[in-house]
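For reference, the structure discussed in these notes is given below.
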Amino acid sequence: MDIVIIGLPQSGKTTLFDALTLGKSDASGASGSATEMHLGVVKVPDPRLDFLADIYHPRRVVPAEIRYSDLPGPESMAKSQGISGRYRNVLQSAAAFLVVVRAFHSDAVPHPDGAVDPARDLEAMLSELSFADLEVLERASQRLADQMNKTKPAERPMVMRHKDAVEKARAALDAGVPLRRQQLTDSERSFLLNYQLLTDKAVIAVLNTDEGADPLRLADLDIDADLTLGIGEVSISARVEAELGLMEPEEADEFRNDLGLGESATAQVIRASYETLGLVSFLTVGDDEVRAWSVPRSIPAVDAAGTIHTDFTRGFIRAEVIAYDDFCACGTMAQGRKEGLLRSEGKTYPVKDGDIIHFLINT
Ligand SMILES: Nc1nc2c(ncn2[C@@H]2O[C@H](COP(=O)(O)OP(=O)(O)OP(=O)(O)O)[C@@H](O)[C@H]2O)c(=O)[nH]1
Ligand SMILES: [Mg+2]
């Protein structure tokens, strides 16, 4: 899963990236350079994997992964430049955006707009995303209108439907509704998928507060409630978290306790990301591998199989499923089967968080 960190210049993006990736990842080229993109891979901590590994002693344990990208400030979102530039493809490939919003005060770091104002900055960032999409949709609409004139009559209805979908989305976006909240038919959605629109992505606001400050909530901000509908949120001090990220885990935990801090930034951001994206993890076990897979909540079993291997979709026979907690209570699959907790499920079974699944595939 790709998550891209965006935010106004000097809001703390790279500091957050460091907090999320240092010491816990194969982060390639942790920060340092202000002009390059940083990419870091973080393994999603999951104690269930550790428990299962103790039972199966697999050759490898594979947690789910999140890839974080940190875009250089001037390129990421500076108002004058818009976001159509060099990193557009990175933005388009994201599953979600972490929008870093400055709420910290520092004489050493002047705010580009003068005063610190998280509501204003968040609104500016959300508008940037909308503007970028509006531009794309306007151009698409124009192009489709031209195409209509050149198209054979038989193919016109298709182009027309495409154009209608684009215009409907554009009008709704113009009225302030991001793609992810628009009521669209499946066919309209499939036309719009081509454009990889930025307001279709999940957004998690990271409110970057002063160290020691009380957590800040979106609800505390003077911002139109409609604008933040469906947006995830995390309140942290990126700087403190980045410093803790450099320590040994035990030492960091001690500091955390002393400072009265809760979960680490990594844990909070991962939780908010899964919640906002509506993701759950199912697990696969065996002598070879114990592994976690992130999928949308309630995805049909056949599609969950497809995330392991595309061939699994075609060859799907059935899924043997036991809930993680049931497995822990039973101790073995055989006991789970005896107690009727290991069930056989069909293609449409909605996958739940913590399901341990064995897919039977016709190869
Ligand atoms: N006091 C304080 N300073 C912070 C915090 N987070 C970041 N800073 C400082 O703010 C400055 C900018 O932080 P960066 O993380 O580089 O911000 P950025 O958004 O990556 O900046 P650009 O990439 O240039 O847009 C640095 O001097 C940081 O030390 C924070 O939580 N508290
Ligand atoms: Mg930066």
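Ligands are numbered from 1 in the order shown, chains are lettered A, B, ... in the order of the structure tokens, and residues start at 1 in each chain.
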
Next on the checklist: Could you list, as number ranges by chain, every residue within 12 Å of Val116 (chain A), counting only C-alpha atoms and ignoring same-chain residues fewer than 3 positions away?
Outcome noted: A: 8, 10-11, 101-107, 109-113, 119-122, 208-210

Checklist entry - What's the 12 Å shell around Gln182 (chain A), counting only C-alpha atoms, without same-chain residues fewer than 2 positions away, as a list in words? => result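 Non-adjacent residues within range: Ala165, Lys168, Ala169, Arg170, Ala171, Ala172, Leu173, Asp174, Ala175, Gly176, Val177, Pro178, Leu179, Arg180, Leu184, Thr185, Asp186, Glu188, Arg189, Leu192, Thr199 and Asp200 of chain A.
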
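Remark: for Asn89 (chain A), the closest of the candidate residues A:Asp164, A:Glu65, A:Asp220, A:Asp2 is A:Asp2 (distances computed over only C-alpha atoms).
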
6 Å contact set for Val290 (chain A), only C-alpha atoms, chain neighbours under 5 positions out, as a CSV table (one decimal) with all heavy atoms, in the first residue's frame:
chain,number,residue,atom,x,y,z
A,61,VAL,N,8.3,-14.9,8.0
A,61,VAL,CA,7.1,-14.2,8.5
A,61,VAL,C,7.0,-12.9,7.7
A,61,VAL,O,7.9,-12.2,7.6
A,61,VAL,CB,7.2,-13.9,10.0
A,61,VAL,CG1,6.0,-13.2,10.5
A,61,VAL,CG2,7.4,-15.2,10.8
A,284,THR,N,-2.5,-15.9,6.5
A,284,THR,CA,-2.3,-17.2,6.0
A,284,THR,C,-1.2,-17.9,6.8
A,284,THR,O,-0.2,-17.2,7.2
A,284,THR,CB,-1.9,-17.2,4.5
A,284,THR,OG1,-0.8,-16.3,4.2
A,284,THR,CG2,-3.1,-16.8,3.6
A,285,VAL,N,-1.3,-19.2,7.0
A,285,VAL,CA,-0.3,-19.8,7.8
A,285,VAL,C,0.2,-21.1,7.1
A,285,VAL,O,-0.4,-21.6,6.2
A,285,VAL,CB,-0.9,-20.3,9.2
A,285,VAL,CG1,-1.3,-19.0,10.0
A,285,VAL,CG2,-2.1,-21.2,9.0

Next on the checklist: Need the shell around Leu197 (chain A): protein/DNA/RNA residues with any atom at most 10 Å away, counting only C-alpha atoms. Skip same-chain ones fewer than 4 positions apart. Format as a PyMOL selection string?
Outcome noted: chain A and resi 91-93+129-130+132-134+136-137+178-180+192-193+201

Checklist entry - Near Pro296 (chain A), counting only C-alpha atoms, which residues have an atom at most 9 Å away, once you skip same-chain residues fewer than 3 positions from it, shown as a ChimeraX atom specification? => result /A:274,277-281,299,304,351

Write out the residues from the selection above, keeping N, CA and C atoms, as a PDB file, in the first residue's frame.
ATOM      1  N   TYR A 274      -5.673   2.359   8.213  1.00  0.00           N
ATOM      2  CA  TYR A 274      -6.543   1.192   8.012  1.00  0.00           C
ATOM      3  C   TYR A 274      -8.007   1.580   8.198  1.00  0.00           C
ATOM      4  N   LEU A 277      -9.188   3.926   5.287  1.00  0.00           N
ATOM      5  CA  LEU A 277      -9.279   3.183   4.026  1.00  0.00           C
ATOM      6  C   LEU A 277     -10.243   2.005   4.136  1.00  0.00           C
ATOM      7  N   GLY A 278     -10.697   1.705   5.343  1.00  0.00           N
ATOM      8  CA  GLY A 278     -11.606   0.565   5.523  1.00  0.00           C
ATOM      9  C   GLY A 278     -10.913  -0.767   5.271  1.00  0.00           C
ATOM     10  N   LEU A 279      -9.661  -0.883   5.728  1.00  0.00           N
ATOM     11  CA  LEU A 279      -8.897  -2.109   5.485  1.00  0.00           C
ATOM     12  C   LEU A 279      -8.919  -3.032   6.699  1.00  0.00           C
ATOM     13  N   VAL A 280      -8.801  -4.318   6.433  1.00  0.00           N
ATOM     14  CA  VAL A 280      -8.593  -5.316   7.482  1.00  0.00           C
ATOM     15  C   VAL A 280      -7.441  -6.219   7.023  1.00  0.00           C
ATOM     16  N   SER A 281      -6.976  -7.079   7.938  1.00  0.00           N
ATOM     17  CA  SER A 281      -5.934  -8.036   7.558  1.00  0.00           C
ATOM     18  C   SER A 281      -6.462  -9.452   7.708  1.00  0.00           C
ATOM     19  N   ILE A 299     -14.337  -7.861   1.822  1.00  0.00           N
ATOM     20  CA  ILE A 299     -14.053  -8.254   0.437  1.00  0.00           C
ATOM     21  C   ILE A 299     -14.476  -9.721   0.272  1.00  0.00           C
ATOM     22  N   ALA A 304     -10.229 -11.846  -2.219  1.00  0.00           N
ATOM     23  CA  ALA A 304      -9.111 -11.916  -1.263  1.00  0.00           C
ATOM     24  C   ALA A 304      -8.072 -12.903  -1.786  1.00  0.00           C
ATOM     25  N   VAL A 351     -14.733 -11.403   3.947  1.00  0.00           N
ATOM     26  CA  VAL A 351     -13.558 -11.616   4.791  1.00  0.00           C
ATOM     27  C   VAL A 351     -13.524 -10.618   5.953  1.00  0.00           C
TER      28      VAL A 351
END

Item to check | Nearby residues (only C-alpha atoms) at most 7 Å from region 340-344 of chain A, same-chain spacing under 6 positions excluded, as number ranges by chain | outcome: A: 318-322, 326

Write to file, as a PDB file, in the first residue's frame, the residues of the selection just made, with C-alpha atoms.
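Result written to selection.pdb:
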ATOM      1  CA  ARG A 318     -13.408 -22.749  -1.464  1.00  0.00           C
ATOM      2  CA  ALA A 319     -11.862 -21.093   1.560  1.00  0.00           C
ATOM      3  CA  GLU A 320     -11.273 -22.772   4.900  1.00  0.00           C
ATOM      4  CA  VAL A 321     -11.634 -20.063   7.500  1.00  0.00           C
ATOM      5  CA  ILE A 322     -11.134 -19.788  11.231  1.00  0.00           C
ATOM      6  CA  ASP A 326     -11.010 -19.138  17.775  1.00  0.00           C
TER       7      ASP A 326
END

Item to check | Proximity to ligand 2 - best of A:Val100, A:Ala267, A:Val62, A:Ile308, only C-alpha atoms and all ligand atoms | outcome: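 Nearest candidate to ligand 2 out of A:Val100, A:Ala267, A:Val62, A:Ile308: A:Val100.
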
Next on the checklist: Counting only C-alpha atoms and all ligand atoms, which residue out of A:Met160, A:Glu128, A:Glu241, A:Leu39 sits closest to ligand 1?
Outcome noted: A:Glu241

Next on the checklist: To test your reading of the structure, identify every residue in region 37-246 of chain A that backbone DSSP assigns to strand (DSSP E), and report it as a PyMOL selection string.
Outcome noted: chain A and resi 38-43+60-62+65-70+96-102+202-208+232-236

Checklist entry - Skipping near chain neighbours, those fewer than 6 positions away, what residues fall within 12 Å of region 145-152 of chain A using only C-alpha atoms, listed as a list in words? => result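 Near neighbours after the sequence-gap exclusion: Glu138, Arg139, Met158, Val159, Met160, Arg161, His162, Lys163, Asp164, Val166 and Glu167 of chain A.
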
Item to check | Separation of CA of Val240 (chain A) from atom 6 (N, counted along the ligand's line) of ligand 1 in Å | outcome: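 Atom 6 (N, counted along the ligand's line) of ligand 1 sits 8.1 Å away from CA of Val240 (chain A).
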
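Distances here use only C-alpha atoms and all ligand atoms; by that measure, the residue among A:Lys13, A:Arg256, A:Arg181, A:Arg143 closest to ligand 1 is A:Lys13.
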
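The spacing separating CA of Arg239 (chain A) from CA of Thr14 (chain A) amounts to 9.8 Å.
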
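When DSSP reads the backbone of this structure, the residues of region 216-251 of chain A it assigns to alpha helix (DSSP H) are Ala238, Arg239, Val240, Glu241, Ala242, Glu243, Leu244, Gly245, Pro249, Glu250 and Glu251 of chain A.
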
How would the residues just chosen look if you wrote them out with N, CA and C atoms as a short mmCIF file (atom, residue, chain, number, x, y, z; two decimals), in the first residue's frame?
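Okay, out.cif is ready:
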data_model
loop_
_atom_site.label_atom_id
_atom_site.label_comp_id
_atom_site.auth_asym_id
_atom_site.auth_seq_id
_atom_site.Cartn_x
_atom_site.Cartn_y
_atom_site.Cartn_z
N ALA A 238 5.53 15.72 15.50
CA ALA A 238 6.40 14.98 14.59
C ALA A 238 7.83 15.00 15.11
N ARG A 239 8.23 16.14 15.68
CA ARG A 239 9.62 16.24 16.11
C ARG A 239 9.92 15.29 17.26
N VAL A 240 9.02 15.28 18.24
CA VAL A 240 9.22 14.36 19.36
C VAL A 240 9.22 12.92 18.86
N GLU A 241 8.30 12.61 17.99
CA GLU A 241 8.18 11.23 17.49
C GLU A 241 9.42 10.84 16.68
N ALA A 242 9.97 11.79 15.94
CA ALA A 242 11.17 11.48 15.16
C ALA A 242 12.34 11.21 16.11
N GLU A 243 12.41 11.98 17.20
CA GLU A 243 13.49 11.75 18.16
C GLU A 243 13.32 10.39 18.84
N LEU A 244 12.09 10.07 19.21
CA LEU A 244 11.84 8.76 19.84
C LEU A 244 12.15 7.63 18.87
N GLY A 245 11.92 7.90 17.59
CA GLY A 245 12.16 6.88 16.56
C GLY A 245 13.63 6.48 16.46
N PRO A 249 13.79 0.66 21.19
CA PRO A 249 12.37 0.59 21.53
C PRO A 249 12.08 0.70 23.03
N GLU A 250 12.90 0.02 23.86
CA GLU A 250 12.63 0.04 25.32
C GLU A 250 12.81 1.45 25.87
N GLU A 251 13.89 2.09 25.39
CA GLU A 251 14.19 3.44 25.86
C GLU A 251 13.07 4.39 25.42
#

Item to check | Among listed residues A:Leu126, A:Cys328, A:Ile223, A:Ile236, nearest ligand 1 (using only C-alpha atoms and all ligand atoms) | outcome: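 Residue with the minimum atom-to-atom distance to ligand 1: A:Ile236.
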
Checklist entry - How many Å lie between atom 26 (C, counted along the ligand's line) of ligand 1 and CA of Gly12 (chain A), rounded to one decimal? => result 6.4 Å
